[in-house]
$ cat coords-v6.pdb   # PDB, C-alpha atoms and all ligand atoms
ATOM      1  CA  MET A  90      38.287  23.103  11.866  1.00  0.00           C
ATOM      2  CA  SER A  91      36.050  20.171  12.783  1.00  0.00           C
ATOM      3  CA  CYS A  92      33.679  20.237  15.761  1.00  0.00           C
ATOM      4  CA  ALA A  93      35.997  17.899  17.642  1.00  0.00           C
ATOM      5  CA  GLY A  94      38.961  20.126  16.820  1.00  0.00           C
ATOM      6  CA  LEU A  95      37.043  23.221  17.910  1.00  0.00           C
ATOM      7  CA  ALA A  96      36.074  21.587  21.192  1.00  0.00           C
ATOM      8  CA  ALA A  97      39.711  20.625  21.823  1.00  0.00           C
ATOM      9  CA  PHE A  98      40.799  24.181  21.010  1.00  0.00           C
ATOM     10  CA  ILE A  99      38.253  25.710  23.411  1.00  0.00           C
ATOM     11  CA  ALA A 100      39.270  23.218  26.104  1.00  0.00           C
ATOM     12  CA  SER A 101      42.875  24.322  25.706  1.00  0.00           C
ATOM     13  CA  CYS A 102      41.811  27.919  26.407  1.00  0.00           C
ATOM     14  CA  THR A 103      40.088  27.202  29.706  1.00  0.00           C
ATOM     15  CA  ASP A 104      41.565  27.001  33.163  1.00  0.00           C
ATOM     16  CA  SER A 105      40.645  24.438  35.823  1.00  0.00           C
ATOM     17  CA  THR A 106      37.352  26.259  36.533  1.00  0.00           C
ATOM     18  CA  GLY A 107      36.249  26.094  32.928  1.00  0.00           C
ATOM     19  CA  VAL A 108      36.699  29.834  32.455  1.00  0.00           C
ATOM     20  CA  ILE A 109      38.088  30.801  29.101  1.00  0.00           C
ATOM     21  CA  THR A 110      41.360  32.649  29.593  1.00  0.00           C
ATOM     22  CA  THR A 111      42.165  35.634  27.507  1.00  0.00           C
ATOM     23  CA  GLY A 112      45.141  37.875  27.040  1.00  0.00           C
ATOM     24  CA  PRO A 113      45.386  41.470  28.204  1.00  0.00           C
ATOM     25  CA  LEU A 114      43.336  44.095  26.453  1.00  0.00           C
ATOM     26  CA  GLY A 115      45.193  46.467  24.178  1.00  0.00           C
ATOM     27  CA  ASP A 116      48.779  46.076  23.020  1.00  0.00           C
ATOM     28  CA  GLU A 117      50.825  43.382  24.677  1.00  0.00           C
ATOM     29  CA  PRO A 118      54.046  44.817  26.065  1.00  0.00           C
ATOM     30  CA  ASP A 119      56.163  42.166  24.384  1.00  0.00           C
ATOM     31  CA  ALA A 120      54.296  42.277  21.088  1.00  0.00           C
ATOM     32  CA  THR A 121      56.366  42.868  17.969  1.00  0.00           C
ATOM     33  CA  PRO A 122      55.804  46.462  16.855  1.00  0.00           C
ATOM     34  CA  VAL A 123      53.833  46.865  13.642  1.00  0.00           C
ATOM     35  CA  GLN A 124      56.106  48.026  10.838  1.00  0.00           C
ATOM     36  CA  PRO A 125      55.145  50.309   7.918  1.00  0.00           C
ATOM     37  CA  GLY A 126      53.825  48.176   5.087  1.00  0.00           C
ATOM     38  CA  ASP A 127      52.722  45.432   7.483  1.00  0.00           C
ATOM     39  CA  PRO A 128      49.200  44.336   6.519  1.00  0.00           C
ATOM     40  CA  ASP A 129      48.238  44.712  10.185  1.00  0.00           C
ATOM     41  CA  ALA A 130      49.301  48.350  10.220  1.00  0.00           C
ATOM     42  CA  ARG A 131      46.366  50.662  10.867  1.00  0.00           C
ATOM     43  CA  PRO A 132      46.080  54.058   9.161  1.00  0.00           C
ATOM     44  CA  SER A 133      46.982  56.915  11.432  1.00  0.00           C
ATOM     45  CA  VAL A 134      44.405  59.570  12.221  1.00  0.00           C
ATOM     46  CA  ASP A 135      46.273  61.951   9.938  1.00  0.00           C
ATOM     47  CA  ALA A 136      45.783  59.646   6.965  1.00  0.00           C
ATOM     48  CA  ARG A 137      41.980  59.732   7.027  1.00  0.00           C
ATOM     49  CA  ILE A 138      40.248  61.769   4.333  1.00  0.00           C
ATOM     50  CA  GLY A 139      38.862  64.923   5.797  1.00  0.00           C
ATOM     51  CA  ALA A 140      41.062  64.808   8.888  1.00  0.00           C
ATOM     52  CA  PRO A 141      43.747  67.386   9.533  1.00  0.00           C
ATOM     53  CA  ASP A 142      47.035  66.451   7.892  1.00  0.00           C
ATOM     54  CA  ALA A 143      50.221  66.720   9.873  1.00  0.00           C
ATOM     55  CA  GLY A 144      51.554  70.203   9.380  1.00  0.00           C
ATOM     56  CA  SER A 145      48.348  71.375   7.725  1.00  0.00           C
ATOM     57  CA  ALA A 146      46.171  74.148   9.068  1.00  0.00           C
ATOM     58  CA  GLY A 147      42.887  72.457   8.277  1.00  0.00           C
ATOM     59  CA  PRO A 148      41.013  69.410   7.040  1.00  0.00           C
ATOM     60  CA  ALA A 149      41.406  68.324   3.422  1.00  0.00           C
ATOM     61  CA  CYS A 150      38.321  68.771   1.254  1.00  0.00           C
ATOM     62  CA  THR A 151      36.638  65.522   0.274  1.00  0.00           C
ATOM     63  CA  GLY A 152      34.832  66.704  -2.870  1.00  0.00           C
ATOM     64  CA  GLY A 153      31.846  68.887  -3.657  1.00  0.00           C
ATOM     65  CA  GLN A 154      33.102  72.008  -1.911  1.00  0.00           C
ATOM     66  CA  VAL A 155      33.173  75.399  -3.648  1.00  0.00           C
ATOM     67  CA  ASP A 156      36.580  76.941  -4.380  1.00  0.00           C
ATOM     68  CA  CYS A 157      36.801  80.256  -2.506  1.00  0.00           C
ATOM     69  CA  GLY A 158      40.272  81.172  -3.778  1.00  0.00           C
ATOM     70  CA  ALA A 159      43.462  81.736  -1.851  1.00  0.00           C
ATOM     71  CA  ALA A 160      43.233  82.259   1.892  1.00  0.00           C
ATOM     72  CA  SER A 161      45.774  85.082   1.618  1.00  0.00           C
ATOM     73  CA  ALA A 162      43.262  87.118  -0.396  1.00  0.00           C
ATOM     74  CA  ILE A 163      40.887  87.357   2.568  1.00  0.00           C
ATOM     75  CA  ALA A 164      41.856  90.079   5.009  1.00  0.00           C
ATOM     76  CA  ILE A 165      40.526  90.790   8.472  1.00  0.00           C
ATOM     77  CA  GLY A 166      37.536  93.112   8.245  1.00  0.00           C
ATOM     78  CA  THR A 167      36.936  92.473   4.531  1.00  0.00           C
ATOM     79  CA  PRO A 168      34.560  89.552   3.990  1.00  0.00           C
ATOM     80  CA  LYS A 169      34.609  87.973   0.548  1.00  0.00           C
ATOM     81  CA  ARG A 170      31.314  87.032  -1.073  1.00  0.00           C
ATOM     82  CA  ILE A 171      31.679  83.699  -2.863  1.00  0.00           C
ATOM     83  CA  SER A 172      30.071  83.829  -6.299  1.00  0.00           C
ATOM     84  CA  GLY A 173      27.249  81.376  -6.861  1.00  0.00           C
ATOM     85  CA  THR A 174      26.735  80.758  -3.158  1.00  0.00           C
ATOM     86  CA  ASN A 175      25.034  82.387  -0.190  1.00  0.00           C
ATOM     87  CA  VAL A 176      28.300  82.569   1.702  1.00  0.00           C
ATOM     88  CA  TYR A 177      30.836  85.131   2.805  1.00  0.00           C
ATOM     89  CA  ILE A 178      34.322  84.025   3.799  1.00  0.00           C
ATOM     90  CA  VAL A 179      35.517  86.070   6.744  1.00  0.00           C
ATOM     91  CA  ARG A 180      38.812  86.338   8.590  1.00  0.00           C
ATOM     92  CA  ASP A 181      39.271  87.275  12.215  1.00  0.00           C
ATOM     93  CA  ALA A 182      42.193  86.906  14.616  1.00  0.00           C
ATOM     94  CA  GLY A 183      41.465  83.163  14.936  1.00  0.00           C
ATOM     95  CA  GLY A 184      41.427  82.392  11.204  1.00  0.00           C
ATOM     96  CA  LEU A 185      38.872  81.931   8.447  1.00  0.00           C
ATOM     97  CA  PHE A 186      35.233  81.012   8.660  1.00  0.00           C
ATOM     98  CA  ALA A 187      32.236  80.922   6.329  1.00  0.00           C
ATOM     99  CA  VAL A 188      29.026  82.691   7.258  1.00  0.00           C
ATOM    100  CA  SER A 189      25.686  82.798   5.475  1.00  0.00           C
ATOM    101  CA  SER A 190      24.940  85.872   3.394  1.00  0.00           C
ATOM    102  CA  LYS A 191      21.187  85.393   3.934  1.00  0.00           C
ATOM    103  CA  CYS A 192      19.435  87.348   6.634  1.00  0.00           C
ATOM    104  CA  THR A 193      17.756  85.135   9.197  1.00  0.00           C
ATOM    105  CA  HIS A 194      14.583  87.277   9.157  1.00  0.00           C
ATOM    106  CA  GLU A 195      13.202  86.691   5.660  1.00  0.00           C
ATOM    107  CA  GLY A 196      16.260  85.558   3.756  1.00  0.00           C
ATOM    108  CA  ALA A 197      17.297  88.759   2.000  1.00  0.00           C
ATOM    109  CA  GLN A 198      20.946  89.069   0.974  1.00  0.00           C
ATOM    110  CA  ASN A 199      23.118  90.925   3.450  1.00  0.00           C
ATOM    111  CA  ASN A 200      25.628  93.494   2.254  1.00  0.00           C
ATOM    112  CA  VAL A 201      28.875  94.607   3.837  1.00  0.00           C
ATOM    113  CA  THR A 202      28.397  98.071   5.294  1.00  0.00           C
ATOM    114  CA  SER A 203      30.601 100.025   7.704  1.00  0.00           C
ATOM    115  CA  GLY A 204      32.267  97.044   9.328  1.00  0.00           C
ATOM    116  CA  HIS A 205      29.250  94.747   9.591  1.00  0.00           C
ATOM    117  CA  PHE A 206      26.636  92.907   7.546  1.00  0.00           C
ATOM    118  CA  HIS A 207      23.485  94.871   6.777  1.00  0.00           C
ATOM    119  CA  CYS A 208      20.195  93.559   5.476  1.00  0.00           C
ATOM    120  CA  PRO A 209      18.581  96.143   3.169  1.00  0.00           C
ATOM    121  CA  ARG A 210      15.051  94.746   3.469  1.00  0.00           C
ATOM    122  CA  HIS A 211      14.247  95.603   7.096  1.00  0.00           C
ATOM    123  CA  SER A 212      17.618  96.930   8.292  1.00  0.00           C
ATOM    124  CA  ALA A 213      18.906  94.056  10.390  1.00  0.00           C
ATOM    125  CA  ASN A 214      22.611  94.267  11.230  1.00  0.00           C
ATOM    126  CA  PHE A 215      25.009  91.435  12.024  1.00  0.00           C
ATOM    127  CA  ASN A 216      28.606  91.357  13.130  1.00  0.00           C
ATOM    128  CA  PHE A 217      31.017  89.654  10.738  1.00  0.00           C
ATOM    129  CA  ASP A 218      30.954  86.608  13.046  1.00  0.00           C
ATOM    130  CA  GLY A 219      27.223  86.330  12.313  1.00  0.00           C
ATOM    131  CA  SER A 220      26.010  87.481  15.709  1.00  0.00           C
ATOM    132  CA  ILE A 221      23.096  89.900  15.860  1.00  0.00           C
ATOM    133  CA  ILE A 222      23.633  93.628  16.307  1.00  0.00           C
ATOM    134  CA  SER A 223      20.091  94.859  15.722  1.00  0.00           C
ATOM    135  CA  GLY A 224      16.902  94.421  13.729  1.00  0.00           C
ATOM    136  CA  PRO A 225      13.897  92.114  13.580  1.00  0.00           C
ATOM    137  CA  VAL A 226      15.966  88.947  13.844  1.00  0.00           C
ATOM    138  CA  SER A 227      16.252  86.313  16.547  1.00  0.00           C
ATOM    139  CA  ARG A 228      18.875  84.018  15.028  1.00  0.00           C
ATOM    140  CA  ALA A 229      22.519  84.596  14.197  1.00  0.00           C
ATOM    141  CA  LEU A 230      23.840  83.822  10.721  1.00  0.00           C
ATOM    142  CA  ALA A 231      24.716  80.191  10.004  1.00  0.00           C
ATOM    143  CA  HIS A 232      28.347  79.097   9.678  1.00  0.00           C
ATOM    144  CA  TYR A 233      29.504  76.541   7.108  1.00  0.00           C
ATOM    145  CA  ALA A 234      32.373  74.059   7.062  1.00  0.00           C
ATOM    146  CA  LEU A 235      35.669  75.076   5.467  1.00  0.00           C
ATOM    147  CA  CYS A 236      38.448  72.831   4.214  1.00  0.00           C
ATOM    148  CA  VAL A 237      41.638  72.939   2.163  1.00  0.00           C
ATOM    149  CA  LEU A 238      41.363  72.014  -1.527  1.00  0.00           C
ATOM    150  CA  ALA A 239      44.046  70.050  -3.365  1.00  0.00           C
ATOM    151  CA  ASN A 240      45.199  73.281  -5.037  1.00  0.00           C
ATOM    152  CA  GLY A 241      45.699  74.885  -1.630  1.00  0.00           C
ATOM    153  CA  ASN A 242      42.686  77.167  -1.894  1.00  0.00           C
ATOM    154  CA  VAL A 243      39.938  77.393   0.672  1.00  0.00           C
ATOM    155  CA  GLY A 244      36.882  75.233   0.008  1.00  0.00           C
ATOM    156  CA  VAL A 245      33.437  75.758   1.518  1.00  0.00           C
ATOM    157  CA  ASP A 246      30.772  73.138   2.067  1.00  0.00           C
ATOM    158  CA  THR A 247      27.555  75.114   1.619  1.00  0.00           C
ATOM    159  CA  VAL A 248      25.453  72.309   3.097  1.00  0.00           C
ATOM    160  CA  THR A 249      27.244  71.452   6.335  1.00  0.00           C
ATOM    161  CA  THR A 250      26.795  73.925   9.158  1.00  0.00           C
ATOM    162  CA  VAL A 251      29.330  74.161  11.970  1.00  0.00           C
ATOM    163  CA  ALA A 252      29.719  75.935  15.301  1.00  0.00           C
ATOM    164  CA  ALA A 253      30.240  79.669  15.086  1.00  0.00           C
ATOM    165  CA  THR A 254      33.533  79.254  16.938  1.00  0.00           C
ATOM    166  CA  GLN A 255      35.119  77.000  14.298  1.00  0.00           C
ATOM    167  CA  ARG A 256      38.068  78.499  12.365  1.00  0.00           C
ATOM    168  CA  LEU A 257      40.379  77.441   9.560  1.00  0.00           C
ATOM    169  CA  ALA A 258      43.876  78.548  10.505  1.00  0.00           C
ATOM    170  CA  LEU A 259      45.186  79.561   7.070  1.00  0.00           C
TER
HETATM  171  S1  LIG A 301      14.813  90.191   5.649  1.00  0.00           S
HETATM  172 FE1  LIG A 301      16.518  90.995   6.698  1.00  0.00          FE
HETATM  173  S2  LIG A 301      15.686  92.248   8.229  1.00  0.00           S
HETATM  174 FE2  LIG A 301      13.999  91.413   7.201  1.00  0.00          FE
END

$ encode --input "coords-v6.pdb" --output "structure tokens" --more "lines below"
Ligand code: FES
Amino acid sequence: MSCAGLAAFIASCTDSTGVITTGPLGDEPDATPVQPGDPDARPSVDARIGAPDAGSAGPACTGGQVDCGAASAIAIGTPKRISGTNVYIVRDAGGLFAVSSKCTHEGAQNNVTSGHFHCPRHSANFNFDGSIISGPVSRALAHYALCVLANGNVGVDTVTTVAATQRLAL
């Protein structure tokens, strides 16, 4: 468009006060609905990688997560240590979560003992949700992000920490 054409176009968009008129924000009520396959169609939230899929219990893994096996193999009260990681996968009434196996005092590996995690180095004890029971510790155990792998197994991201309240409902 030439400068003269642009000026004429802008002039056609102004009212008598010289203010440029615009349409309403958002969808116009009489706008033609966007159809599937239309190049203007926007992906739904469910279609984004890493977002919960419709009907799924959790976010899809995006790559790099460790396969923790089938969710059904993890029972309430029986944390599963994931080989090659510093993570236990735990189930409670809300679902699955991943908690660090490393004591927050000096980093020793916690064991599962009598319904809780126990650090053998200086005898710290943690609940399965990572909260402190006793010992020379001031921080709860870290929680890591879980997702659903393409094969349906649980995946853990051993780098990304999440809130202790987060659960994967599988
Ligand atoms: S390293 Fe665990 S209590 Fe000290």

$ closest_residue --input "coords-v6.pdb" --among "A:Cys192, A:Val243, A:Ala253, A:Ala229" --to "ligand LIG 301 (chain A)" --atoms "all atoms listed in the file"
A:Cys192

$ atom_distance --input "coords-v6.pdb" --atom1 "CA of Pro209 in chain A" --atom2 "CA of Tyr177 in chain A"
16.5 Å

$ axis_aligned_box --input "coords-v6.pdb" --around "ligand LIG 301 (chain A)" --padding-each-side "3 Å" --output "AutoDock Vina command-line options"
--center_x 15.3 --center_y 91.2 --center_z 6.9 --size_x 8.5 --size_y 8.1 --size_z 8.6

$ atom_distance --input "coords-v6.pdb" --atom1 "CA of Ala252 in chain A" --atom2 "CA of Lys191 in chain A"
17.1 Å

$ residues_near_ligand --input "coords-v6.pdb" --ligand "ligand LIG 301 (chain A)" --cutoff "8 Å" --atoms "all atoms listed in the file" --output "VMD selection string"
chain A and resid 191 to 199 207 to 214 224 to 226

$ atom_distance --input "coords-v6.pdb" --atom1 "CA of Gly183 in chain A" --atom2 "CA of Arg256 in chain A"
6.3 Å

$ residues_around --input "coords-v6.pdb" --residues "Asp181 in chain A" --least-positions-apart "4" --cutoff "9 Å" --atoms "all atoms listed in the file" --output "count of residues only"
8

$ closest_residue --input "coords-v6.pdb" --among "A:Gly219, A:Phe206, A:Pro168, A:Ala187" --to "Cys236 in chain A" --atoms "all atoms listed in the file"
A:Ala187

$ closest_residue --input "coords-v6.pdb" --among "A:Val179, A:Ala162, A:Cys157, A:Val188" --to "Asn242 in chain A" --atoms "all atoms listed in the file"
A:Cys157
